[in-house]
Amino acid sequence: MATMKNIPLILMGCGGVGRQLLQHIVSCRSLHAKLGIHLRVVGVCDSKSLVVASDVLSNELNDNFLSEVFRVKVDGSSLLTLGGLGECQVFKNSELKEKVIDVASVMGKSTGLAVVDCSASSETVGVLTRVVDLGCCIVLANKKPLTSTMEDYYKLVSHPRLIRHESTVGAGLPVIASLNRILLSGDPIHRIIGSLSGTLGYVMSEVEDGKPLSQVVRAAKSLGYTEPDPRDDLSGMDVARKALILARLLGRRINMDSIKIESLYPEEMGPNVMSVEDFLSTGILLLDNDIQERVRKASLNGNVLRYVCMIEGSRCEVGIQELPKNSALGRLRGSDNVLEIFSRCYSEQPLVIQGAGAGNDTTAAGVLADILDIQDLFP
């Protein structure tokens, strides 16, 4: 039997996706062992604290401990409330980032280390740019590091073999990999158009059925489809981040302010003006008629409304578009994601990538697949 290949990793972020990833890692032990691979979790951190194995070169956080982390984080508690921290080192707040960098400098060039960012924080980019320099691999579900400055972006992607970020766009769907393959083959991509928010996909297809926007958004919130404040989804910012990642992947040197973003609510209903409660009880009712009218007009032309991101030439925009009922985007129902890619090879009929594009489970599965995809970089 060949020796087992170890992939040491540190997880940043134990929210929905991060804790689901830990559960996947534990439940896939026998599958990975059959493939001769062992994922060795040496550290886990949330926003307040970092827990690291006592000796990162030889020890790991065991599966009982990882399952305990999962339970604690499901309850919304801090990692500091964990029992059995005796055999680990714990670092808080200010020491946290420095310690991750310390571990990276010890392991990066020797055993190798994957730094996995499943947070939703804009604070991790500093750590990530440092650990890449130290020879570590980075795997991202967090979109914010890649939507920071162009300078940070170039630092992160300067060693393409060391970074995987499939789960930043379309959860577990093979969006980034497919685009990279097309680009590497020299096939120029003319246009990308996609529905990349499960939440807004659901909202648009329900509104199309004649339901008022206000009712649909309230239902989506109670089903857990939206952020705690649905305006985080309705603002289009999440889609804009995904659009920026795709545009940069295609070689556009742009920042967030180059993207035209249509918000589904006006500024006077924004979070700094109106509470969530007021928005959902009264504000959103004022938006019903306008959307209803737009749906009606589109259907007279045989079209439907979709909230999409569109990248074509130097244009990069995010908002509601009228699209043919019979296109891949027009046929989209529910919370699926779909991306249409037009290139020289895919000119008449686009390459279409479609499937569940949201959910902690699918996103975490995408992250796990990314970690296994870099296995050849480990001794």
# chains A, B, ... in the order shown; residues from 1 in each chain; ligands from 1
call {"tool": "residues_around", "arguments": {"residues": "Val131 in chain A", "least_positions_apart": "5", "cutoff": "12 Å", "atoms": "only C-alpha atoms", "output": "ChimeraX atom specification"}}
result
/A:10,97-109,112-116,124-126,136-139,155-156,159,162-163
call {"tool": "write_last_selection", "arguments": {"atoms": "N, CA and C atoms", "output": "short mmCIF file (atom, residue, chain, number, x, y, z; two decimals), in the first residue's frame"}}
result
data_model
loop_
_atom_site.label_atom_id
_atom_site.label_comp_id
_atom_site.auth_asym_id
_atom_site.auth_seq_id
_atom_site.Cartn_x
_atom_site.Cartn_y
_atom_site.Cartn_z
N ILE A 10 -5.65 24.83 7.43
CA ILE A 10 -6.22 25.71 8.45
C ILE A 10 -7.51 26.27 7.88
N LYS A 97 -4.18 36.73 13.51
CA LYS A 97 -3.62 36.79 12.15
C LYS A 97 -2.15 36.44 12.14
N GLU A 98 -1.40 36.98 13.14
CA GLU A 98 0.04 36.72 13.21
C GLU A 98 0.30 35.23 13.36
N LYS A 99 -0.54 34.57 14.16
CA LYS A 99 -0.33 33.15 14.42
C LYS A 99 -0.57 32.32 13.15
N VAL A 100 -1.60 32.67 12.38
CA VAL A 100 -1.85 31.95 11.13
C VAL A 100 -0.63 32.10 10.22
N ILE A 101 -0.07 33.30 10.18
CA ILE A 101 1.12 33.55 9.34
C ILE A 101 2.32 32.77 9.88
N ASP A 102 2.46 32.67 11.23
CA ASP A 102 3.53 31.86 11.83
C ASP A 102 3.44 30.41 11.37
N VAL A 103 2.23 29.84 11.48
CA VAL A 103 2.03 28.44 11.09
C VAL A 103 2.37 28.28 9.61
N ALA A 104 1.93 29.25 8.80
CA ALA A 104 2.19 29.20 7.36
C ALA A 104 3.69 29.22 7.07
N SER A 105 4.44 30.01 7.85
CA SER A 105 5.87 30.09 7.56
C SER A 105 6.60 28.82 7.99
N VAL A 106 6.06 28.13 8.99
CA VAL A 106 6.65 26.85 9.42
C VAL A 106 6.33 25.74 8.40
N MET A 107 5.09 25.74 7.88
CA MET A 107 4.63 24.59 7.09
C MET A 107 4.67 24.81 5.58
N GLY A 108 4.53 26.08 5.14
CA GLY A 108 4.38 26.37 3.71
C GLY A 108 5.38 25.65 2.83
N LYS A 109 6.68 25.77 3.17
CA LYS A 109 7.72 25.21 2.30
C LYS A 109 8.13 23.79 2.70
N GLY A 112 3.84 21.77 3.34
CA GLY A 112 2.77 22.39 2.57
C GLY A 112 1.59 22.67 3.50
N LEU A 113 0.78 23.67 3.15
CA LEU A 113 -0.39 24.02 3.96
C LEU A 113 -1.45 24.63 3.05
N ALA A 114 -2.69 24.19 3.24
CA ALA A 114 -3.80 24.84 2.54
C ALA A 114 -4.51 25.75 3.54
N VAL A 115 -4.63 27.04 3.19
CA VAL A 115 -5.37 27.97 4.03
C VAL A 115 -6.73 28.17 3.37
N VAL A 116 -7.78 27.75 4.08
CA VAL A 116 -9.12 27.69 3.51
C VAL A 116 -9.97 28.81 4.10
N THR A 124 -9.66 39.10 5.78
CA THR A 124 -8.73 37.97 5.61
C THR A 124 -7.69 38.20 4.51
N VAL A 125 -7.92 39.20 3.67
CA VAL A 125 -7.08 39.35 2.47
C VAL A 125 -5.61 39.59 2.83
N GLY A 126 -5.37 40.31 3.92
CA GLY A 126 -3.98 40.55 4.34
C GLY A 126 -3.24 39.27 4.67
N CYS A 136 2.09 28.69 0.57
CA CYS A 136 0.87 27.96 0.91
C CYS A 136 -0.12 28.00 -0.26
N CYS A 137 -1.04 27.03 -0.26
CA CYS A 137 -2.16 27.05 -1.20
C CYS A 137 -3.32 27.77 -0.52
N ILE A 138 -4.14 28.45 -1.29
CA ILE A 138 -5.33 29.04 -0.70
C ILE A 138 -6.58 28.56 -1.45
N VAL A 139 -7.59 28.26 -0.66
CA VAL A 139 -8.88 27.81 -1.21
C VAL A 139 -9.94 28.73 -0.64
N LYS A 155 -1.81 39.67 -6.36
CA LYS A 155 -1.00 38.91 -5.41
C LYS A 155 -1.59 37.52 -5.21
N LEU A 156 -2.91 37.45 -5.07
CA LEU A 156 -3.56 36.17 -4.79
C LEU A 156 -3.48 35.22 -5.98
N HIS A 159 0.24 33.04 -8.48
CA HIS A 159 0.66 31.64 -8.67
C HIS A 159 -0.60 30.82 -8.89
N LEU A 162 -1.49 27.71 -7.03
CA LEU A 162 -1.67 27.72 -5.57
C LEU A 162 -3.05 28.17 -5.12
N ILE A 163 -3.91 28.59 -6.04
CA ILE A 163 -5.22 29.10 -5.61
C ILE A 163 -6.37 28.36 -6.29
#
call {"tool": "select_by_dssp", "arguments": {"residues": "range 149-207 of chain A", "states": "strand (DSSP E)", "output": "MDAnalysis selection string"}}
result
chainID A and resid 163:164 189:195
call {"tool": "write_last_selection", "arguments": {"atoms": "N, CA and C atoms", "output": "CSV table (one decimal), in the first residue's frame"}}
result
chain,number,residue,atom,x,y,z
A,163,ILE,N,-3.9,28.6,-6.0
A,163,ILE,CA,-5.2,29.1,-5.6
A,163,ILE,C,-6.4,28.4,-6.3
A,164,ARG,N,-7.4,28.1,-5.5
A,164,ARG,CA,-8.7,27.5,-6.0
A,164,ARG,C,-9.8,28.4,-5.4
A,189,ILE,N,-13.6,34.6,-25.2
A,189,ILE,CA,-15.0,34.7,-24.6
A,189,ILE,C,-15.5,36.1,-24.9
A,190,HIS,N,-16.6,36.1,-25.6
A,190,HIS,CA,-17.2,37.4,-26.0
A,190,HIS,C,-18.2,37.9,-25.0
A,191,ARG,N,-18.9,37.0,-24.4
A,191,ARG,CA,-20.0,37.5,-23.5
A,191,ARG,C,-20.3,36.4,-22.5
A,192,ILE,N,-20.6,36.9,-21.3
A,192,ILE,CA,-21.1,36.0,-20.2
A,192,ILE,C,-22.3,36.6,-19.7
A,193,ILE,N,-23.4,35.8,-19.6
A,193,ILE,CA,-24.6,36.3,-18.9
A,193,ILE,C,-25.1,35.2,-18.0
A,194,GLY,N,-25.4,35.6,-16.7
A,194,GLY,CA,-25.8,34.6,-15.8
A,194,GLY,C,-26.7,35.1,-14.7
A,195,SER,N,-27.4,34.1,-14.2
A,195,SER,CA,-28.3,34.4,-13.0
A,195,SER,C,-27.5,33.7,-11.8
call {"tool": "select_by_dssp", "arguments": {"residues": "range 193-291 of chain A", "states": "alpha helix (DSSP H)", "output": "JSON, numbers by chain"}}
result
{"A": [198, 199, 200, 201, 202, 203, 204, 205, 206, 207, 208, 213, 214, 215, 216, 217, 218, 219, 220, 221, 222, 231, 232, 233, 234, 237, 238, 239, 240, 241, 242, 243, 244, 245, 246, 247, 248, 249, 276, 277, 278, 279, 280, 281, 288, 289, 290, 291]}
call {"tool": "closest_residue", "arguments": {"among": "A:Asp75, A:Glu348, A:Asp288, A:Glu87", "to": "Val51 in chain A", "atoms": "only C-alpha atoms"}}
result
A:Glu87
call {"tool": "residues_around", "arguments": {"residues": "Lys143 in chain A", "least_positions_apart": "3", "cutoff": "7 Å", "atoms": "only C-alpha atoms", "output": "PDB file with N, CA, C and O atoms, in the first residue's frame"}}
result
ATOM      1  N   LEU A 146     -11.018  38.442  -3.381  1.00  0.00           N
ATOM      2  CA  LEU A 146     -10.843  38.564  -4.834  1.00  0.00           C
ATOM      3  C   LEU A 146     -11.514  39.806  -5.403  1.00  0.00           C
ATOM      4  O   LEU A 146     -11.350  40.126  -6.573  1.00  0.00           O
ATOM      5  N   THR A 147     -12.292  40.510  -4.557  1.00  0.00           N
ATOM      6  CA  THR A 147     -12.962  41.722  -5.026  1.00  0.00           C
ATOM      7  C   THR A 147     -12.379  42.954  -4.338  1.00  0.00           C
ATOM      8  O   THR A 147     -12.937  44.036  -4.388  1.00  0.00           O
ATOM      9  N   THR A 168     -16.514  30.553  -5.019  1.00  0.00           N
ATOM     10  CA  THR A 168     -16.854  31.977  -4.911  1.00  0.00           C
ATOM     11  C   THR A 168     -17.967  32.358  -5.876  1.00  0.00           C
ATOM     12  O   THR A 168     -18.659  33.344  -5.677  1.00  0.00           O
ATOM     13  N   ARG A 241     -20.253  41.226  -6.772  1.00  0.00           N
ATOM     14  CA  ARG A 241     -18.956  40.628  -6.398  1.00  0.00           C
ATOM     15  C   ARG A 241     -18.626  39.447  -7.297  1.00  0.00           C
ATOM     16  O   ARG A 241     -17.502  39.302  -7.754  1.00  0.00           O
TER      17      ARG A 241
END
call {"tool": "closest_residue", "arguments": {"among": "A:Thr282, A:His32, A:His165, A:Asn255", "to": "Glu151 in chain A", "atoms": "only C-alpha atoms"}}
result
A:Asn255
call {"tool": "residues_around", "arguments": {"residues": "Leu21 in chain A", "least_positions_apart": "4", "cutoff": "9 Å", "atoms": "only C-alpha atoms", "output": "VMD selection string"}}
result
chain A and resid 14 16 to 17 25 to 26 118 360 to 361 363 to 365 367 to 368
call {"tool": "write_last_selection", "arguments": {"atoms": "C-alpha atoms", "output": "PDB file, in the first residue's frame"}}
result
ATOM      1  CA  CYS A  14     -16.843  28.501  10.971  1.00  0.00           C
ATOM      2  CA  GLY A  16     -22.614  27.921   7.658  1.00  0.00           C
ATOM      3  CA  VAL A  17     -20.092  26.893   4.993  1.00  0.00           C
ATOM      4  CA  ILE A  25     -14.149  16.206   5.988  1.00  0.00           C
ATOM      5  CA  VAL A  26     -15.060  13.942   8.901  1.00  0.00           C
ATOM      6  CA  CYS A 118     -14.914  30.142   4.355  1.00  0.00           C
ATOM      7  CA  ASN A 360     -24.006  25.678   2.659  1.00  0.00           C
ATOM      8  CA  ASP A 361     -23.916  22.023   1.738  1.00  0.00           C
ATOM      9  CA  THR A 363     -20.788  25.339  -1.330  1.00  0.00           C
ATOM     10  CA  ALA A 364     -18.827  23.301   1.225  1.00  0.00           C
ATOM     11  CA  ALA A 365     -18.729  20.338  -1.169  1.00  0.00           C
ATOM     12  CA  VAL A 367     -14.568  23.782  -1.273  1.00  0.00           C
ATOM     13  CA  LEU A 368     -13.718  20.175  -0.412  1.00  0.00           C
TER      14      LEU A 368
END
call {"tool": "closest_atom_pairs", "arguments": {"of": "range 132-242 of chain A", "to": "range 316-321 of chain A", "cutoff": "8 Å", "atoms": "only C-alpha atoms", "output": "tab-separated table"}}
result
residue	atom	partner	partner_atom	distance
A:Gly236	CA	A:Val318	CA	7.0
A:Val239	CA	A:Val318	CA	7.0
A:Ala240	CA	A:Val318	CA	6.2
call {"tool": "atom_distance", "arguments": {"atom1": "CA of Ser281 in chain A", "atom2": "CA of Arg306 in chain A"}}
result
24.8 Å
call {"tool": "atom_distance", "arguments": {"atom1": "CA of Asp233 in chain A", "atom2": "CA of Ile311 in chain A"}}
result
20.0 Å
call {"tool": "closest_residue", "arguments": {"among": "A:Arg296, A:Arg333, A:Lys144, A:Arg40", "to": "Thr199 in chain A", "atoms": "only C-alpha atoms"}}
result
A:Arg333
call {"tool": "closest_residue", "arguments": {"among": "A:Glu206, A:Arg19, A:Val90, A:Ser78", "to": "Gly43 in chain A", "atoms": "only C-alpha atoms"}}
result
A:Val90
call {"tool": "closest_residue", "arguments": {"among": "A:Gly334, A:Thr149, A:Pro212, A:Val132", "to": "Tyr225 in chain A", "atoms": "only C-alpha atoms"}}
result
A:Gly334
